[in-house]
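Structure file query_29.cif (mmCIF, C-alpha atoms) follows.
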data_input
#
loop_
_atom_site.label_atom_id
_atom_site.label_comp_id
_atom_site.auth_asym_id
_atom_site.auth_seq_id
_atom_site.Cartn_x
_atom_site.Cartn_y
_atom_site.Cartn_z
CA MET A 1 -1.59 17.52 -36.17
CA SER A 2 0.93 20.37 -36.13
CA GLU A 3 0.02 23.77 -37.52
CA ASN A 4 1.79 23.08 -40.82
CA GLY A 5 -0.20 19.88 -41.29
CA LEU A 6 2.77 17.58 -40.67
CA LYS A 7 2.82 14.79 -38.10
CA VAL A 8 6.28 15.79 -36.85
CA LEU A 9 7.79 19.10 -35.80
CA ASP A 10 10.54 20.86 -37.71
CA ARG A 11 13.44 21.35 -35.31
CA LYS A 12 14.15 24.85 -36.61
CA HIS A 13 10.69 25.87 -35.36
CA LEU A 14 11.14 24.51 -31.83
CA SER A 15 11.27 26.95 -28.91
CA ASP A 16 14.19 27.22 -26.47
CA SER A 17 12.18 25.68 -23.65
CA VAL A 18 12.64 22.41 -21.76
CA CYS A 19 9.55 20.37 -20.86
CA VAL A 20 9.66 18.39 -17.60
CA ILE A 21 7.05 15.62 -17.50
CA VAL A 22 5.77 14.25 -14.19
CA GLY A 23 2.76 12.22 -13.14
CA THR A 24 3.62 10.13 -10.08
CA ARG A 25 4.85 10.79 -6.54
CA PRO A 26 8.38 9.45 -7.16
CA GLY A 27 8.62 11.41 -10.38
CA ILE A 28 7.58 14.67 -8.72
CA ILE A 29 10.16 14.18 -5.97
CA LYS A 30 13.01 13.21 -8.27
CA MET A 31 12.27 15.95 -10.79
CA SER A 32 11.93 18.66 -8.13
CA PRO A 33 15.70 19.43 -8.04
CA ILE A 34 15.71 19.63 -11.85
CA ILE A 35 12.73 21.99 -11.93
CA LYS A 36 14.47 24.19 -9.34
CA GLU A 37 17.81 24.08 -11.18
CA LEU A 38 16.13 25.13 -14.44
CA SER A 39 14.45 28.02 -12.63
CA TRP A 40 17.63 29.11 -10.83
CA ARG A 41 19.56 29.17 -14.12
CA GLN A 42 16.67 30.94 -15.83
CA VAL A 43 16.43 28.24 -18.50
CA PRO A 44 13.05 28.55 -20.25
CA SER A 45 11.04 25.57 -19.04
CA PHE A 46 7.63 24.30 -18.02
CA THR A 47 6.14 21.29 -16.25
CA LEU A 48 3.51 18.98 -17.73
CA HIS A 49 1.55 16.78 -15.31
CA THR A 50 -0.02 13.71 -16.90
CA GLY A 51 -2.56 13.06 -14.15
CA GLN A 52 -1.41 9.46 -13.61
CA HIS A 53 -1.57 10.03 -9.83
CA TYR A 54 -3.93 12.66 -8.64
CA SER A 55 -5.20 13.17 -5.15
CA TYR A 56 -4.35 15.90 -2.67
CA GLU A 57 -2.15 13.60 -0.60
CA MET A 58 -0.43 11.81 -3.48
CA ASP A 59 0.06 14.80 -5.72
CA LYS A 60 -0.85 18.41 -4.95
CA LYS A 61 0.55 18.14 -1.41
CA PHE A 62 3.91 17.08 -2.85
CA PHE A 63 4.12 20.20 -5.01
CA GLU A 64 3.38 22.29 -1.92
CA ASP A 65 5.89 20.45 0.28
CA LEU A 66 8.60 20.67 -2.37
CA GLY A 67 8.01 24.36 -3.06
CA LEU A 68 7.33 23.78 -6.76
CA PRO A 69 5.27 25.99 -9.08
CA LYS A 70 1.97 24.66 -10.34
CA PRO A 71 2.40 22.71 -13.62
CA LEU A 72 1.72 24.84 -16.68
CA TYR A 73 -0.16 21.93 -18.27
CA HIS A 74 -2.25 19.33 -16.47
CA LEU A 75 -3.91 16.49 -18.37
CA PRO A 76 -7.24 15.08 -17.14
CA GLN A 77 -6.91 12.60 -14.29
CA CYS A 78 -6.41 9.05 -15.50
CA LYS A 79 -9.47 6.86 -15.06
CA PRO A 80 -9.03 4.63 -11.98
CA GLY A 81 -8.40 1.03 -12.92
CA SER A 82 -7.29 1.82 -16.46
CA LEU A 83 -5.42 -0.90 -18.29
CA HIS A 84 -1.77 -0.11 -18.99
CA GLY A 85 -2.32 0.26 -22.72
CA GLU A 86 -5.39 2.46 -22.26
CA GLN A 87 -3.67 4.66 -19.69
CA THR A 88 -0.52 5.03 -21.77
CA ALA A 89 -2.49 5.75 -24.94
CA ASN A 90 -4.59 8.46 -23.28
CA MET A 91 -1.53 10.17 -21.83
CA LEU A 92 0.36 9.82 -25.13
CA SER A 93 -2.42 11.63 -26.97
CA GLY A 94 -2.63 14.41 -24.38
CA ILE A 95 1.13 14.91 -24.18
CA GLU A 96 1.43 15.00 -27.95
CA SER A 97 -1.11 17.84 -28.15
CA VAL A 98 0.78 19.85 -25.53
CA LEU A 99 4.15 19.32 -27.22
CA ILE A 100 2.76 20.40 -30.58
CA GLU A 101 1.46 23.59 -28.98
CA ALA A 102 4.52 24.39 -26.82
CA LYS A 103 7.24 23.07 -29.15
CA PRO A 104 9.97 22.48 -26.53
CA ARG A 105 13.43 21.57 -27.79
CA LEU A 106 13.90 18.91 -25.09
CA VAL A 107 11.64 16.69 -22.99
CA LEU A 108 12.90 15.28 -19.68
CA VAL A 109 11.27 12.22 -18.13
CA CYS A 110 12.31 10.34 -15.00
CA GLY A 111 11.93 6.68 -14.14
CA ASP A 112 9.71 3.90 -15.38
CA ALA A 113 6.02 4.80 -14.90
CA ASN A 114 3.56 4.82 -17.81
CA THR A 115 3.78 8.64 -17.63
CA ASN A 116 7.40 8.53 -18.72
CA LEU A 117 6.87 6.02 -21.51
CA ALA A 118 4.05 8.15 -22.91
CA GLY A 119 6.14 11.32 -22.64
CA ALA A 120 9.20 9.80 -24.27
CA LEU A 121 7.17 8.26 -27.10
CA ALA A 122 5.27 11.48 -27.80
CA ALA A 123 8.49 13.49 -28.01
CA ARG A 124 10.29 10.85 -30.07
CA LYS A 125 7.45 10.74 -32.65
CA LEU A 126 7.57 14.53 -32.97
CA GLN A 127 11.38 14.58 -33.33
CA ILE A 128 11.86 16.40 -30.03
CA GLU A 129 14.95 15.29 -28.11
CA VAL A 130 14.40 13.11 -25.04
CA GLY A 131 16.45 12.96 -21.83
CA HIS A 132 15.86 10.01 -19.49
CA VAL A 133 16.65 10.78 -15.86
CA GLU A 134 17.39 7.65 -13.79
CA SER A 135 18.12 5.55 -16.86
CA GLY A 136 19.76 2.13 -16.94
CA LEU A 137 17.95 0.49 -14.03
CA ARG A 138 17.18 -3.19 -14.58
CA SER A 139 15.30 -5.79 -12.50
CA ASN A 140 15.28 -8.34 -15.36
CA ASP A 141 11.77 -9.24 -14.21
CA TRP A 142 9.47 -9.09 -17.21
CA ARG A 143 6.36 -9.48 -15.03
CA MET A 144 6.86 -5.84 -14.07
CA PRO A 145 5.29 -3.19 -16.34
CA GLU A 146 8.00 -0.84 -15.08
CA GLU A 147 10.72 -3.05 -16.55
CA HIS A 148 9.14 -2.89 -20.02
CA ASN A 149 8.85 0.88 -19.73
CA ARG A 150 12.40 1.61 -18.57
CA VAL A 151 13.97 -0.53 -21.31
CA ILE A 152 11.86 1.06 -24.04
CA ILE A 153 12.51 4.61 -22.78
CA ASP A 154 16.26 3.97 -22.66
CA HIS A 155 16.27 2.85 -26.29
CA ILE A 156 14.41 5.92 -27.62
CA SER A 157 16.21 8.60 -25.57
CA ASP A 158 18.89 10.96 -26.84
CA TYR A 159 20.42 11.58 -23.40
CA LEU A 160 20.68 8.87 -20.76
CA PHE A 161 21.37 10.11 -17.24
CA ALA A 162 22.63 7.08 -15.34
CA PRO A 163 22.46 7.39 -11.53
CA THR A 164 25.20 4.83 -10.81
CA PRO A 165 28.07 3.02 -12.59
CA ARG A 166 25.97 -0.17 -12.58
CA ALA A 167 23.16 1.62 -14.42
CA ARG A 168 25.65 3.04 -16.90
CA GLN A 169 27.00 -0.44 -17.57
CA ASN A 170 23.48 -1.75 -18.14
CA LEU A 171 22.99 0.90 -20.81
CA ALA A 172 26.27 0.03 -22.48
CA ASP A 173 25.37 -3.67 -22.41
CA ASP A 174 22.02 -2.88 -24.05
CA ASN A 175 23.80 -0.92 -26.80
CA VAL A 176 21.53 2.12 -26.50
CA LYS A 177 21.77 4.75 -29.22
CA GLY A 178 21.75 7.86 -27.03
CA LYS A 179 24.63 9.50 -25.15
CA ILE A 180 25.24 8.11 -21.66
CA TYR A 181 26.17 10.36 -18.71
CA LEU A 182 26.93 9.27 -15.15
CA THR A 183 25.27 11.96 -13.01
CA GLY A 184 24.27 10.45 -9.68
CA ASN A 185 20.63 10.25 -8.59
CA THR A 186 18.46 13.34 -8.09
CA ILE A 187 16.86 11.65 -5.06
CA VAL A 188 20.03 12.61 -3.16
CA ASP A 189 19.55 16.23 -4.21
CA ALA A 190 15.91 16.11 -3.08
CA LEU A 191 16.75 14.64 0.32
CA ILE A 192 19.52 17.15 0.97
CA GLN A 193 17.19 20.00 0.02
CA HIS A 194 14.25 18.87 2.14
CA VAL A 195 15.28 16.86 5.22
CA GLU A 196 16.02 19.94 7.34
CA ILE A 197 12.78 21.59 6.19
CA ALA A 198 10.91 18.41 7.11
CA GLU A 199 12.48 18.33 10.59
CA ASN A 200 11.31 21.89 11.21
CA LYS A 201 7.82 21.59 9.75
CA SER A 202 6.59 18.03 10.33
CA ALA A 203 4.67 17.06 13.48
CA ILE A 204 3.92 13.51 12.32
CA MET A 205 5.98 11.80 15.05
CA LYS A 206 4.08 13.66 17.77
CA THR A 207 0.74 13.18 16.05
CA LEU A 208 1.21 9.39 15.90
CA SER A 209 3.03 9.20 19.27
CA LEU A 210 5.93 7.31 17.70
CA PRO A 211 9.28 6.70 19.45
CA LYS A 212 12.39 7.53 17.43
CA ASN A 213 13.95 4.35 16.00
CA GLY A 214 11.17 2.39 17.69
CA TYR A 215 8.70 1.52 14.92
CA ILE A 216 8.50 -0.21 11.53
CA LEU A 217 7.28 1.82 8.55
CA THR A 218 5.51 -0.18 5.84
CA THR A 219 4.41 0.65 2.28
CA ILE A 220 2.78 -1.70 -0.23
CA HIS A 221 1.52 -0.68 -3.66
CA ARG A 222 2.99 -2.66 -6.57
CA GLU A 223 0.54 -4.45 -8.83
CA GLU A 224 2.34 -7.78 -8.62
CA ASN A 225 1.80 -7.67 -4.85
CA VAL A 226 -1.57 -6.06 -4.19
CA ASP A 227 -3.52 -7.12 -7.28
CA HIS A 228 -3.17 -10.84 -6.52
CA ILE A 229 -5.05 -12.11 -3.49
CA ASP A 230 -2.60 -14.95 -2.75
CA THR A 231 0.39 -12.59 -2.69
CA LEU A 232 -1.43 -9.89 -0.74
CA THR A 233 -2.58 -12.50 1.81
CA GLU A 234 1.03 -13.64 2.25
CA ILE A 235 2.19 -10.08 2.93
CA ILE A 236 -0.61 -9.53 5.45
CA LYS A 237 0.40 -12.78 7.16
CA GLY A 238 3.97 -11.47 7.25
CA LEU A 239 2.76 -8.31 9.00
CA GLU A 240 0.83 -10.51 11.43
CA LEU A 241 4.00 -12.47 12.27
CA ILE A 242 5.94 -9.23 12.82
CA GLY A 243 3.19 -7.81 15.03
CA GLY A 244 2.98 -10.98 17.08
CA ASN A 245 6.71 -11.63 17.47
CA LEU A 246 8.33 -8.19 17.66
CA ASP A 247 7.60 -5.38 20.08
CA PHE A 248 7.46 -2.65 17.44
CA PRO A 249 4.54 -0.50 16.31
CA ILE A 250 3.90 -0.98 12.57
CA VAL A 251 2.81 2.13 10.64
CA LEU A 252 1.20 1.58 7.24
CA PRO A 253 0.29 4.66 5.15
CA VAL A 254 -2.13 2.97 2.77
CA HIS A 255 -1.77 3.65 -0.97
CA PRO A 256 -5.08 4.23 -2.83
CA ARG A 257 -4.58 1.09 -4.95
CA THR A 258 -3.81 -0.99 -1.86
CA LYS A 259 -6.79 0.41 0.02
CA LYS A 260 -9.07 -0.62 -2.83
CA ARG A 261 -7.59 -4.12 -2.92
CA PHE A 262 -8.04 -4.52 0.84
CA SER A 263 -11.74 -3.93 0.19
CA ASP A 264 -11.94 -5.99 -3.01
CA PHE A 265 -10.36 -8.99 -1.29
CA ASN A 266 -12.15 -8.54 2.08
CA GLN A 267 -8.91 -8.12 4.03
CA TRP A 268 -9.89 -5.40 6.52
CA SER A 269 -10.92 -7.87 9.24
CA LYS A 270 -7.54 -9.64 8.99
CA LEU A 271 -5.71 -6.32 9.22
CA ALA A 272 -7.77 -5.31 12.26
CA GLY A 273 -6.51 -8.39 14.07
CA ILE A 274 -2.79 -7.63 13.63
CA GLN A 275 -1.09 -6.56 16.84
CA ASN A 276 0.67 -3.18 16.86
CA LEU A 277 -0.53 -2.26 13.33
CA THR A 278 -1.71 1.31 12.66
CA ILE A 279 -3.09 2.10 9.21
CA ILE A 280 -3.07 5.78 8.23
CA ASP A 281 -3.99 7.79 5.14
CA PRO A 282 -1.20 8.75 2.72
CA VAL A 283 0.99 11.56 4.03
CA GLY A 284 2.84 14.40 2.32
CA TYR A 285 6.49 14.24 1.35
CA LEU A 286 7.84 16.07 4.39
CA ASP A 287 5.89 13.90 6.83
CA PHE A 288 6.97 10.77 4.99
CA LEU A 289 10.63 11.82 5.10
CA ILE A 290 10.39 12.14 8.89
CA LEU A 291 8.67 8.77 9.21
CA LEU A 292 11.34 7.15 7.06
CA ARG A 293 14.29 8.86 8.73
CA ASN A 294 13.18 7.94 12.25
CA ALA A 295 12.01 4.37 11.63
CA ALA A 296 13.90 1.38 12.99
CA LEU A 297 13.23 -0.27 9.63
CA VAL A 298 11.14 0.19 6.48
CA LEU A 299 9.26 -2.70 4.87
CA THR A 300 8.37 -1.84 1.27
CA ASP A 301 7.93 -2.86 -2.36
CA SER A 302 8.82 0.63 -3.61
CA GLY A 303 11.97 1.19 -5.64
CA GLY A 304 12.28 4.83 -4.62
CA ILE A 305 11.98 4.05 -0.92
CA GLN A 306 14.79 1.49 -1.26
CA GLU A 307 16.96 4.41 -2.41
CA GLU A 308 15.71 6.94 0.15
CA SER A 309 16.15 4.54 3.06
CA CYS A 310 19.69 3.74 1.91
CA ILE A 311 20.62 7.43 1.82
CA LEU A 312 18.94 8.12 5.20
CA HIS A 313 20.56 5.04 6.80
CA THR A 314 17.31 3.29 7.64
CA PRO A 315 17.47 -0.51 7.11
CA CYS A 316 15.14 -1.71 4.36
CA VAL A 317 13.39 -5.02 3.73
CA THR A 318 11.98 -5.32 0.21
CA LEU A 319 8.78 -7.28 -0.45
CA ARG A 320 9.86 -8.49 -3.88
CA GLU A 321 11.95 -11.28 -5.35
CA ASN A 322 14.32 -8.85 -7.07
CA THR A 323 15.22 -5.19 -7.34
CA GLU A 324 16.42 -2.77 -9.98
CA ARG A 325 18.14 -0.86 -7.13
CA GLN A 326 20.83 -3.50 -6.79
CA GLU A 327 23.29 -1.01 -5.30
CA THR A 328 21.23 -1.06 -2.10
CA VAL A 329 21.79 -4.79 -1.74
CA TYR A 330 25.48 -4.43 -2.56
CA VAL A 331 26.08 -1.90 0.24
CA LYS A 332 23.84 -4.00 2.56
CA SER A 333 21.22 -1.39 3.34
CA ASN A 334 18.52 -3.54 1.75
CA THR A 335 17.43 -7.18 2.14
CA ILE A 336 15.28 -8.83 -0.54
CA ALA A 337 12.68 -10.89 1.33
CA GLY A 338 10.05 -11.80 -1.24
CA THR A 339 6.49 -12.18 0.02
CA LYS A 340 6.52 -15.44 2.02
CA PRO A 341 5.54 -14.66 5.63
CA GLU A 342 8.39 -16.52 7.35
CA ARG A 343 10.99 -14.98 5.03
CA ILE A 344 9.59 -11.52 5.76
CA LEU A 345 9.84 -12.02 9.53
CA ASN A 346 13.34 -13.48 9.26
CA ALA A 347 14.56 -10.61 7.08
CA VAL A 348 13.09 -8.02 9.46
CA GLU A 349 14.70 -9.66 12.49
CA ARG A 350 18.11 -9.77 10.83
CA SER A 351 17.85 -6.23 9.48
CA LEU A 352 16.98 -4.78 12.87
CA GLU A 353 20.33 -6.06 14.14
CA LYS A 354 22.51 -4.53 11.43
CA GLU A 355 24.66 -1.44 11.81
CA ALA A 356 23.46 1.42 9.59
CA ASP A 357 26.97 2.36 8.48
CA TRP A 358 26.84 1.63 4.76
CA PRO A 359 28.08 4.14 2.13
CA ASN A 360 25.70 6.08 -0.09
CA PRO A 361 25.99 4.69 -3.66
CA PHE A 362 23.77 7.31 -5.31
CA GLY A 363 25.98 10.37 -5.61
CA ASP A 364 26.75 13.66 -3.92
CA GLY A 365 23.59 15.73 -4.36
CA ARG A 366 24.63 17.52 -7.56
CA ALA A 367 22.86 15.30 -10.08
CA ALA A 368 20.40 18.00 -11.17
CA LYS A 369 23.26 20.39 -11.91
CA ARG A 370 24.96 17.81 -14.11
CA ILE A 371 21.74 16.94 -15.94
CA ILE A 372 21.06 20.60 -16.71
CA ASP A 373 24.69 21.08 -17.76
CA VAL A 374 24.08 18.49 -20.46
CA SER A 375 20.63 19.91 -21.28
CA VAL A 376 22.01 23.40 -21.98
CA GLY A 377 25.13 22.19 -23.79
CA ILE A 378 27.81 22.86 -21.14
CA PRO A 379 30.87 20.58 -21.55
CA VAL A 380 30.89 17.88 -18.86
CA THR A 381 34.56 16.91 -18.80
CA GLU A 382 35.16 18.81 -15.55
CA TRP A 383 32.86 16.69 -13.42
CA ALA A 384 32.61 13.45 -15.40
CA SER A 385 35.95 11.86 -14.46
CA ALA A 386 35.85 13.05 -10.83
CA LEU A 387 32.37 11.61 -10.26
CA ASP A 388 33.34 8.40 -12.02
CA ASN A 389 36.35 7.88 -9.77
CA LYS A 390 34.34 8.62 -6.62
CA MET A 391 31.43 6.31 -7.42
CA ARG A 392 33.66 3.45 -8.51
CA LEU A 393 35.01 3.31 -4.94
CA LEU A 394 31.57 2.36 -3.56
#
For the file at hand, write its structure as C-alpha cells.
Amino acid sequence: MSENGLKVLDRKHLSDSVCVIVGTRPGIIKMSPIIKELSWRQVPSFTLHTGQHYSYEMDKKFFEDLGLPKPLYHLPQCKPGSLHGEQTANMLSGIESVLIEAKPRLVLVCGDANTNLAGALAARKLQIEVGHVESGLRSNDWRMPEEHNRVIIDHISDYLFAPTPRARQNLADDNVKGKIYLTGNTIVDALIQHVEIAENKSAIMKTLSLPKNGYILTTIHREENVDHIDTLTEIIKGLELIGGNLDFPIVLPVHPRTKKRFSDFNQWSKLAGIQNLTIIDPVGYLDFLILLRNAALVLTDSGGIQEESCILHTPCVTLRENTERQETVYVKSNTIAGTKPERILNAVERSLEKEADWPNPFGDGRAAKRIIDVSVGIPVTEWASALDNKMRLL
C-alpha cells in the first residue's frame, strides 16, 4: 500500500521519471533504442526487469551486447514452469511495489509477454499512465496467451505506439480508449544500431564453420508448438525432411523451454538422427544477428524473428498457422507453413528460390525518437503525416 495508505497514487505526487519494463529477450532488444533515447535526452528514467527470462545467454548477455545499463530494479526470477496466472500475479505484485516506491509518471511496456501485461495492469491500477510500444498487433488466434495479453494491454493503455498502418487500423477497429500514434517499429532502430557492431565483434560464423547464405537457421520456442508432443514431433519430422532432401546445414540454437521438452518427450534420439542438424546453446544478440543476416533462410515460430528477417532480407518460414506480423506475408518475406512436415519442406524449398528484394514495412529507424517525443509532450505533427504517407506506400 502507498505511503499515504491509499491503494492508488496521487498524480501530483508522481516523479518526473519514466519506467521502462522488460523481462524477455525480444522486449530487451526492442526497448534498447528507447532506453538509449531517454538517456541521450537526459529524461529521468529507470529500467525494471521482471525476471520472466533469466539466464546469462537469454538475458544478461543481451544487456551487455546492447550496451545497456543494469536495470535499477530486478524482481526475483520467475519459477520455471509457472502457470500463466501464477507468473503474471507474481510479477504484478512485484512491479506494483516498485512503482509505489519510485512513483514514475509513465510506464512503457513493449509487446505481448506476461511481463508487459503485469506491468500495464500494475500501472493502470495505480493511476500511472501507460504507453504500449508495438501495440495493435493481432493474430486472431485465441489459443495464444500472447494474443490475450496484447489485446488487454491495448485497452488499458493511454498511449498506443503502432508500428505499422495495419496495427493502427486494428486499434481503431477495436475502439481503444488511448491515443494512437504511428511510429514505426523499434526493432528497425535496434538493427540499425547493432548490425555493424555485430559484424565487427561476432566470430560465430567462423566458430561454427558456416558458409555465408549456405545454411538454415531454426528457432522453436512457442508453447503451442513445443508443449504438445504431437506438434513437436511434426516439427522434428519437418527438420528431418529438410536434412534429408536439401544440402544445407541446419543450425538450431535451442531455447531453454524447448530443451526441456526435448527431454520430457524423449526426442533427443530422433534429433541425433537428423542429417546436417547442429544443435547449439542459446547465443547472444550480436551472434544471433550475424546468424540471421547470413542465413539462406530462417525457420521459426518467433514473431520478432519474422520482423528481423524481413528487415535483414533473409527469407522466413513460420512454423505457425497464422501470424500477427501480417506485413511480412504481404511483402512476401515470410511464408506461413504450419507444422505439418510436408508443408514445412515445401515452404522451405519455395522460399529458398525467392528474390530477397521486398520493401521494409516497419519504418525508418526513428521509432524510439517518436515514442519519446510523445512521452515528453513534444507535438508530433511534424513527423506524423510524413511517416503516414511513406508507410502507406508499402
message: Taking 2 positions as the minimum chain separation for residues in the same chain, which residues sit within 9 Å of A:His132 when counting all atoms listed in the file? Answer as a list of chain:residue names.
response: A:Val107, A:Leu108, A:Val109, A:Cys110, A:Gly111, A:Asn116, A:Ala120, A:Val130, A:Glu134, A:Ser135, A:Ile153, A:Asp154, A:Ser157, A:Asp158, A:Tyr159, A:Leu160, A:Phe161, A:Ala162
message: To one decimal place in Å, what is the distance between atom CA of A:Gly238 and atom CA of A:Ile344?
response: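 Straight-line distance from atom CA of A:Gly238 to atom CA of A:Ile344 works out to 5.8 Å.
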field: Given the PyMOL selection byres ((chain A and resi 234) around 10), the residues it picks as a PyMOL selection string
entry: chain A and resi 225+229-233+235-240+338-342+344
Length of the atom CA of A:Leu246 to atom CA of A:Ala198 vector [Å]: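 Going from atom CA of A:Leu246 over to atom CA of A:Ala198, I get 28.7 Å.
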- prompt: Of the residues A:Ala384, A:Ala367, A:Leu121, A:Leu137, which is the one nearest to A:Glu324, using all atoms listed in the file?
  reply: A:Leu137
query: Quick one: distance from atom CA of A:Asn149 to atom CA of A:Gly131 in Å, one decimal?
result: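 Interatomic distance here is 14.4 Å.
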message: Excluding A:Val317 and its own-chain neighbours fewer than 6 positions away, which residues fall within 9 Å of it when counting only C-alpha atoms? Please give them as a VMD selection string.
response: chain A and resid 297 to 301 306 333 to 337 344 347 to 348 351
- prompt: From the set A:Leu38, A:His155, A:Lys7, A:Gly136, which residue has the shortest atom-to-atom contact distance to A:Ile100, counting all atoms listed in the file?
  reply: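 Of the candidates, the smallest distance to A:Ile100 is held by A:Lys7.
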- prompt: In terms of the shortest atom-to-atom distance over only C-alpha atoms, which of A:Asp65, A:Glu355, A:Glu196, A:Asp189 is closest to A:Ala368?
  reply: A:Asp189
Kindly resolve the PyMOL selection byres ((chain A and resi 278-284) around 7) on the present coordinates and return the residues as an mmCIF file with C-alpha atoms, in the frame of the given file.
data_model
loop_
_atom_site.group_PDB
_atom_site.id
_atom_site.type_symbol
_atom_site.label_atom_id
_atom_site.label_comp_id
_atom_site.auth_asym_id
_atom_site.auth_seq_id
_atom_site.Cartn_x
_atom_site.Cartn_y
_atom_site.Cartn_z
ATOM 1 C CA GLU A 57 -2.150 13.600 -0.600
ATOM 2 C CA MET A 58 -0.430 11.810 -3.480
ATOM 3 C CA LYS A 61 0.550 18.140 -1.410
ATOM 4 C CA PHE A 62 3.910 17.080 -2.850
ATOM 5 C CA ILE A 250 3.900 -0.980 12.570
ATOM 6 C CA VAL A 251 2.810 2.130 10.640
ATOM 7 C CA LEU A 252 1.200 1.580 7.240
ATOM 8 C CA PRO A 253 0.290 4.660 5.150
ATOM 9 C CA VAL A 254 -2.130 2.970 2.770
ATOM 10 C CA HIS A 255 -1.770 3.650 -0.970
ATOM 11 C CA ASN A 276 0.670 -3.180 16.860
ATOM 12 C CA LEU A 277 -0.530 -2.260 13.330
ATOM 13 C CA TYR A 285 6.490 14.240 1.350
ATOM 14 C CA LEU A 286 7.840 16.070 4.390
ATOM 15 C CA ASP A 287 5.890 13.900 6.830
ATOM 16 C CA PHE A 288 6.970 10.770 4.990
#
- prompt: Looking at all atoms listed in the file, which of A:Asn322, A:Thr88, A:Thr186, A:Ser17 is the one that sits closest to A:Arg143?
  reply: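 Smallest separation from A:Arg143 among the options: A:Asn322.
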- prompt: Of the residues A:Pro315, A:Ser39, A:Val331, A:Lys369, which is the one nearest to A:Lys354, using only C-alpha atoms?
  reply: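 Looking at the shortest contact to A:Lys354, the residue is A:Pro315.
Proximity to A:Pro163 was assessed for A:Asn360, A:Ser32, A:Ser375, A:Asn114 counting only C-alpha atoms; the smallest distance is recorded for A:Asn360.
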Can you turn the PyMOL selection byres ((chain A and resi 365) around 9) into a concrete residue list for this file, as an mmCIF file with C-alpha atoms, keeping the file's coordinate frame?
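Below is the file expr.cif, written as the result:
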data_model
loop_
_atom_site.group_PDB
_atom_site.id
_atom_site.type_symbol
_atom_site.label_atom_id
_atom_site.label_comp_id
_atom_site.auth_asym_id
_atom_site.auth_seq_id
_atom_site.Cartn_x
_atom_site.Cartn_y
_atom_site.Cartn_z
ATOM 1 C CA GLY A 184 24.270 10.450 -9.680
ATOM 2 C CA ASN A 185 20.630 10.250 -8.590
ATOM 3 C CA THR A 186 18.460 13.340 -8.090
ATOM 4 C CA ILE A 187 16.860 11.650 -5.060
ATOM 5 C CA VAL A 188 20.030 12.610 -3.160
ATOM 6 C CA ASP A 189 19.550 16.230 -4.210
ATOM 7 C CA ALA A 190 15.910 16.110 -3.080
ATOM 8 C CA LEU A 191 16.750 14.640 0.320
ATOM 9 C CA ILE A 192 19.520 17.150 0.970
ATOM 10 C CA GLN A 193 17.190 20.000 0.020
ATOM 11 C CA PHE A 362 23.770 7.310 -5.310
ATOM 12 C CA GLY A 363 25.980 10.370 -5.610
ATOM 13 C CA ASP A 364 26.750 13.660 -3.920
ATOM 14 C CA ARG A 366 24.630 17.520 -7.560
ATOM 15 C CA ALA A 367 22.860 15.300 -10.080
ATOM 16 C CA ALA A 368 20.400 18.000 -11.170
ATOM 17 C CA LYS A 369 23.260 20.390 -11.910
#
message: I'd like the contact shell of A:Leu9 - 8 Å cut-off, only C-alpha atoms, skipping same-chain residues fewer than 6 positions apart - returned as a PyMOL selection string.
response: chain A and resi 2+100+103+126-128
What does the file look like for those residues with C-alpha atoms, as a CSV table (one decimal), in the coordinates of the input?
chain,number,residue,atom,x,y,z
A,2,SER,CA,0.9,20.4,-36.1
A,100,ILE,CA,2.8,20.4,-30.6
A,103,LYS,CA,7.2,23.1,-29.2
A,126,LEU,CA,7.6,14.5,-33.0
A,127,GLN,CA,11.4,14.6,-33.3
A,128,ILE,CA,11.9,16.4,-30.0
Given 4 Å of margin on each side, can you work out the centre and size in Å (one decimal) of an axis-aligned box holding every listed atom of stretch 216-221 of chain A, as JSON?
{"center_x": 5.0, "center_y": 0.1, "center_z": 3.9, "size_x": 15.0, "size_y": 11.5, "size_z": 23.2}
